[in-house]
$ cat entry-v6.cif   # mmCIF, C-alpha atoms
data_run
#
loop_
_atom_site.group_PDB
_atom_site.id
_atom_site.type_symbol
_atom_site.label_atom_id
_atom_site.label_comp_id
_atom_site.auth_asym_id
_atom_site.auth_seq_id
_atom_site.Cartn_x
_atom_site.Cartn_y
_atom_site.Cartn_z
ATOM 1 C CA MET A 165 -8.465 16.146 7.069
ATOM 2 C CA VAL A 166 -7.976 12.476 7.960
ATOM 3 C CA ASP A 167 -7.531 11.522 11.610
ATOM 4 C CA PHE A 168 -4.463 9.754 12.937
ATOM 5 C CA GLU A 169 -4.869 6.041 13.582
ATOM 6 C CA THR A 170 -2.986 4.135 16.252
ATOM 7 C CA ARG A 171 -3.510 0.418 16.770
ATOM 8 C CA ARG A 172 -1.914 -2.329 18.783
ATOM 9 C CA MET A 173 -1.700 -5.749 17.136
ATOM 10 C CA PRO A 174 -4.667 -7.846 18.317
ATOM 11 C CA ALA A 175 -3.873 -10.873 20.485
ATOM 12 C CA HIS A 176 -6.019 -13.109 18.278
ATOM 13 C CA PRO A 177 -6.652 -13.125 14.517
ATOM 14 C CA ASP A 178 -9.427 -10.847 13.266
ATOM 15 C CA VAL A 179 -10.204 -12.931 10.224
ATOM 16 C CA LEU A 180 -9.160 -15.906 8.114
ATOM 17 C CA ALA A 181 -7.771 -14.594 4.821
ATOM 18 C CA PRO A 182 -9.081 -15.922 1.497
ATOM 19 C CA ASP A 183 -5.713 -17.714 1.109
ATOM 20 C CA GLY A 184 -6.136 -19.513 4.459
ATOM 21 C CA SER A 185 -3.750 -17.492 6.642
ATOM 22 C CA ASP A 186 -4.701 -15.912 9.985
ATOM 23 C CA VAL A 187 -4.906 -12.111 9.755
ATOM 24 C CA ARG A 188 -4.607 -9.425 12.397
ATOM 25 C CA VAL A 189 -5.724 -6.072 11.006
ATOM 26 C CA LEU A 190 -3.332 -3.177 11.654
ATOM 27 C CA ALA A 191 -3.456 0.496 10.637
ATOM 28 C CA LYS A 192 -4.896 1.885 7.410
ATOM 29 C CA THR A 193 -5.315 5.121 5.507
ATOM 30 C CA GLU A 194 -7.417 6.065 2.501
ATOM 31 C CA ARG A 195 -4.561 4.904 0.229
ATOM 32 C CA GLY A 196 -3.281 1.731 1.922
ATOM 33 C CA SER A 197 -3.765 -0.822 4.680
ATOM 34 C CA MET A 198 -1.463 -3.027 6.732
ATOM 35 C CA ALA A 199 -1.996 -6.425 8.336
ATOM 36 C CA HIS A 200 -0.029 -9.101 10.164
ATOM 37 C CA PHE A 201 -0.561 -12.557 8.780
ATOM 38 C CA GLU A 202 0.469 -15.988 9.953
ATOM 39 C CA LEU A 203 0.508 -19.396 8.295
ATOM 40 C CA ALA A 204 0.825 -22.470 10.528
ATOM 41 C CA PRO A 205 3.933 -24.667 10.248
ATOM 42 C CA GLY A 206 3.798 -27.155 7.401
ATOM 43 C CA ARG A 207 0.810 -25.486 5.706
ATOM 44 C CA ALA A 208 0.453 -24.093 2.216
ATOM 45 C CA SER A 209 -1.929 -21.248 1.438
ATOM 46 C CA ASP A 210 -4.549 -21.390 -1.274
ATOM 47 C CA ALA A 211 -3.290 -19.900 -4.553
ATOM 48 C CA ILE A 212 -4.929 -16.572 -5.430
ATOM 49 C CA ARG A 213 -4.605 -13.365 -7.422
ATOM 50 C CA HIS A 214 -5.864 -9.903 -6.504
ATOM 51 C CA LEU A 215 -8.353 -7.878 -8.525
ATOM 52 C CA THR A 216 -7.481 -4.319 -7.407
ATOM 53 C CA VAL A 217 -4.536 -4.222 -4.950
ATOM 54 C CA ASP A 218 -0.759 -4.389 -4.998
ATOM 55 C CA GLU A 219 0.910 -5.893 -1.910
ATOM 56 C CA ILE A 220 4.270 -5.462 -0.203
ATOM 57 C CA TRP A 221 5.346 -8.070 2.361
ATOM 58 C CA PHE A 222 8.001 -8.106 5.072
ATOM 59 C CA VAL A 223 8.766 -11.462 6.714
ATOM 60 C CA LEU A 224 9.090 -11.263 10.509
ATOM 61 C CA SER A 225 9.688 -14.884 11.531
ATOM 62 C CA GLY A 226 9.496 -18.468 10.360
ATOM 63 C CA ARG A 227 10.604 -19.855 7.039
ATOM 64 C CA GLY A 228 8.952 -20.894 3.830
ATOM 65 C CA GLU A 229 8.581 -20.175 0.141
ATOM 66 C CA ILE A 230 6.388 -18.064 -2.087
ATOM 67 C CA TRP A 231 5.492 -18.853 -5.690
ATOM 68 C CA ARG A 232 4.642 -15.900 -7.938
ATOM 69 C CA LYS A 233 3.485 -16.017 -11.553
ATOM 70 C CA GLN A 234 2.872 -13.120 -13.911
ATOM 71 C CA GLY A 235 2.157 -13.969 -17.533
ATOM 72 C CA GLY A 236 4.969 -16.261 -18.728
ATOM 73 C CA ARG A 237 7.265 -15.450 -15.800
ATOM 74 C CA GLU A 238 7.210 -17.430 -12.571
ATOM 75 C CA GLU A 239 9.536 -17.929 -9.633
ATOM 76 C CA ILE A 240 9.819 -19.432 -6.174
ATOM 77 C CA VAL A 241 11.533 -17.298 -3.519
ATOM 78 C CA THR A 242 12.691 -18.366 -0.061
ATOM 79 C CA LEU A 243 10.876 -16.586 2.772
ATOM 80 C CA GLU A 244 12.865 -15.897 5.938
ATOM 81 C CA PRO A 245 13.118 -13.052 8.447
ATOM 82 C CA GLY A 246 14.193 -9.810 6.800
ATOM 83 C CA VAL A 247 12.941 -10.622 3.284
ATOM 84 C CA SER A 248 10.607 -8.118 1.637
ATOM 85 C CA LEU A 249 8.827 -8.625 -1.669
ATOM 86 C CA THR A 250 6.097 -7.288 -3.879
ATOM 87 C CA ILE A 251 2.983 -8.906 -5.287
ATOM 88 C CA PRO A 252 1.868 -6.651 -8.149
ATOM 89 C CA LEU A 253 -1.791 -6.478 -9.149
ATOM 90 C CA GLY A 254 -2.942 -9.634 -10.944
ATOM 91 C CA THR A 255 0.032 -11.783 -9.896
ATOM 92 C CA HIS A 256 -0.834 -15.414 -9.138
ATOM 93 C CA PHE A 257 0.762 -16.402 -5.831
ATOM 94 C CA GLN A 258 0.868 -19.045 -3.146
ATOM 95 C CA PHE A 259 3.072 -19.451 -0.083
ATOM 96 C CA ARG A 260 3.947 -22.154 2.383
ATOM 97 C CA ALA A 261 5.513 -22.415 5.829
ATOM 98 C CA SER A 262 8.305 -24.912 6.342
ATOM 99 C CA GLY A 263 9.897 -26.141 9.551
ATOM 100 C CA ASP A 264 8.266 -26.220 12.972
ATOM 101 C CA LYS A 265 7.415 -22.499 13.345
ATOM 102 C CA ALA A 266 4.632 -20.441 11.821
ATOM 103 C CA LEU A 267 5.500 -18.086 8.984
ATOM 104 C CA LYS A 268 4.701 -14.529 10.115
ATOM 105 C CA ALA A 269 4.784 -11.391 7.978
ATOM 106 C CA VAL A 270 3.404 -7.895 7.671
ATOM 107 C CA GLY A 271 1.668 -7.021 4.437
ATOM 108 C CA VAL A 272 0.674 -3.639 3.038
ATOM 109 C CA THR A 273 -2.027 -3.322 0.368
ATOM 110 C CA MET A 274 -2.515 -0.337 -1.907
ATOM 111 C CA PRO A 275 -5.337 0.679 -2.098
ATOM 112 C CA PRO A 276 -6.694 -0.614 1.236
ATOM 113 C CA TRP A 277 -7.917 -4.219 1.343
ATOM 114 C CA PRO A 278 -11.519 -4.078 0.045
ATOM 115 C CA GLY A 279 -12.748 -7.443 1.413
ATOM 116 C CA ASP A 280 -13.027 -11.144 0.632
ATOM 117 C CA THR A 281 -14.111 -10.635 -2.987
ATOM 118 C CA GLU A 282 -10.649 -9.173 -3.730
ATOM 119 C CA ALA A 283 -8.962 -12.602 -3.888
ATOM 120 C CA VAL A 284 -9.696 -14.874 -6.841
ATOM 121 C CA PRO A 285 -8.668 -18.561 -6.680
ATOM 122 C CA VAL A 286 -6.103 -19.671 -9.282
ATOM 123 C CA PRO A 287 -4.277 -22.953 -9.964
ATOM 124 C CA GLY A 288 -1.323 -23.138 -7.578
ATOM 125 C CA LYS A 289 2.074 -24.730 -7.191
ATOM 126 C CA TRP A 290 1.349 -26.775 -4.048
ATOM 127 C CA ASN A 291 -1.615 -28.655 -2.602
ATOM 128 C CA ALA A 292 -2.972 -26.300 0.079
ATOM 129 C CA SER A 293 -4.169 -29.158 2.282
ATOM 130 C CA GLU A 294 -0.775 -30.908 2.360
ATOM 131 C CA ILE A 295 1.779 -30.456 5.082
ATOM 132 C CA SER A 296 5.075 -29.526 3.417
#

$ encode --input "entry-v6.cif" --output "structure tokens"
Amino acid sequence: MVDFETRRMPAHPDVLAPDGSDVRVLAKTERGSMAHFELAPGRASDAIRHLTVDEIWFVLSGRGEIWRKQGGREEIVTLEPGVSLTIPLGTHFQFRASGDKALKAVGVTMPPWPGDTEAVPVPGKWNASEIS
């Protein structure tokens, strides 16, 4: 039997994600994990794809855009509070925060996030070092 897990969101980031966002690790089970991530205003993440996980995001605050590409299909979606989206396994993606507030979201990975080797750099839509 697996124990219950209860966590409070850490006051400071636990780690810098492979895409460049600040991550606060939340609860996890054997089949999935959850984290809060934040991208500073005017920043774009590094473009990546995942090797083994699917992700589901829910935007809490801030505004921005996410670019997703799967095979011949690609799209840019506006990110704002209340938007949820999926990033299926192997999808190329990149996101950016616009305006003067950080983009904050909760993401769930299935299976649980295995570590930094999960994210593979890919060509992106935006220059990650540029302020949008």

$ resolve_selection --input "entry-v6.cif" --expression "the PyMOL selection byres ((chain A and resi 274-281) around 12)" --output "number ranges by chain"
A: 179-184, 187, 189-199, 212-221, 250-253, 271-273, 282-285

$ resolve_selection --input "entry-v6.cif" --expression "the PyMOL selection byres ((chain A and resi 286-291) around 8)" --output "list in words"
Ala208, Asp210, Ala211, Ile212, Arg213, Trp231, His256, Phe257, Gln258, Val284, Pro285, Ala292, Ser293 and Glu294 of chain A

$ resolve_selection --input "entry-v6.cif" --expression "the PyMOL selection byres ((chain A and resi 233) around 6)" --output "list of chain:residue names"
A:Arg232, A:Gln234, A:Arg237, A:Glu238, A:Thr255, A:His256

$ closest_residue --input "entry-v6.cif" --among "A:Val270, A:Val241, A:Gly254, A:Asp264" --to "Pro205 in chain A" --atoms "all atoms listed in the file"
A:Asp264

$ atom_distance --input "entry-v6.cif" --atom1 "CA of Asp178 in chain A" --atom2 "CA of Val223 in chain A"
19.3 Å

$ atom_distance --input "entry-v6.cif" --atom1 "CA of Leu224 in chain A" --atom2 "CA of Ala261 in chain A"
12.6 Å

$ atom_distance --input "entry-v6.cif" --atom1 "CA of His176 in chain A" --atom2 "CA of Phe222 in chain A"
19.9 Å

$ closest_residue --input "entry-v6.cif" --among "A:Ser209, A:Ala204, A:Gly246, A:Ser185" --to "Gly263 in chain A" --atoms "all atoms listed in the file"
A:Ala204

$ closest_residue --input "entry-v6.cif" --among "A:Lys268, A:Arg171, A:Glu202, A:Val247" --to "Asp186 in chain A" --atoms "all atoms listed in the file"
A:Glu202

$ decode --input "entry-v6.cif" --residues "range 243-265 of chain A" --atoms "N, CA and C atoms" --output "compact mmCIF listing (two decimals), in the first residue's frame"
# COMPACT_ATOMS: atom_id res chain seq x y z
N LEU A 243 -1.91 31.66 -23.46
CA LEU A 243 -1.94 31.19 -22.08
C LEU A 243 -2.45 32.31 -21.20
N GLU A 244 -3.47 32.02 -20.41
CA GLU A 244 -4.05 32.98 -19.46
C GLU A 244 -4.72 32.18 -18.37
N PRO A 245 -5.00 32.81 -17.22
CA PRO A 245 -5.60 32.08 -16.12
C PRO A 245 -6.85 31.31 -16.55
N GLY A 246 -6.91 30.06 -16.12
CA GLY A 246 -8.05 29.20 -16.43
C GLY A 246 -7.85 28.28 -17.61
N VAL A 247 -6.80 28.48 -18.40
CA VAL A 247 -6.54 27.63 -19.57
C VAL A 247 -5.84 26.35 -19.12
N SER A 248 -6.33 25.21 -19.62
CA SER A 248 -5.62 23.95 -19.41
C SER A 248 -5.29 23.37 -20.79
N LEU A 249 -4.22 22.59 -20.84
CA LEU A 249 -3.79 22.03 -22.12
C LEU A 249 -2.97 20.78 -21.87
N THR A 250 -2.79 20.03 -22.95
CA THR A 250 -1.98 18.82 -22.87
C THR A 250 -0.73 18.97 -23.73
N ILE A 251 0.31 18.26 -23.30
CA ILE A 251 1.54 18.15 -24.08
C ILE A 251 1.83 16.64 -24.17
N PRO A 252 1.30 16.01 -25.23
CA PRO A 252 1.50 14.56 -25.37
C PRO A 252 2.98 14.20 -25.56
N LEU A 253 3.32 13.00 -25.20
CA LEU A 253 4.67 12.47 -25.34
C LEU A 253 5.24 12.79 -26.72
N GLY A 254 6.46 13.32 -26.75
CA GLY A 254 7.16 13.60 -27.99
C GLY A 254 6.86 14.94 -28.63
N THR A 255 5.87 15.67 -28.10
CA THR A 255 5.52 16.97 -28.66
C THR A 255 6.64 17.98 -28.44
N HIS A 256 7.01 18.71 -29.48
CA HIS A 256 7.96 19.81 -29.34
C HIS A 256 7.17 20.99 -28.79
N PHE A 257 7.71 21.68 -27.77
CA PHE A 257 6.98 22.82 -27.23
C PHE A 257 7.92 23.86 -26.64
N GLN A 258 7.39 25.07 -26.58
CA GLN A 258 8.10 26.21 -26.02
C GLN A 258 7.03 27.20 -25.57
N PHE A 259 7.30 27.91 -24.49
CA PHE A 259 6.32 28.89 -24.01
C PHE A 259 7.01 30.18 -23.62
N ARG A 260 6.21 31.24 -23.58
CA ARG A 260 6.78 32.54 -23.20
C ARG A 260 5.76 33.32 -22.39
N ALA A 261 6.30 34.18 -21.53
CA ALA A 261 5.49 35.03 -20.65
C ALA A 261 5.47 36.44 -21.22
N SER A 262 4.29 36.99 -21.39
CA SER A 262 4.17 38.35 -21.90
C SER A 262 3.65 39.26 -20.79
N GLY A 263 3.78 40.56 -20.98
CA GLY A 263 3.31 41.49 -19.97
C GLY A 263 4.33 41.67 -18.87
N ASP A 264 3.86 42.21 -17.74
CA ASP A 264 4.77 42.55 -16.64
C ASP A 264 4.64 41.60 -15.44
N LYS A 265 3.94 40.47 -15.61
CA LYS A 265 3.80 39.49 -14.53
C LYS A 265 4.32 38.14 -15.00
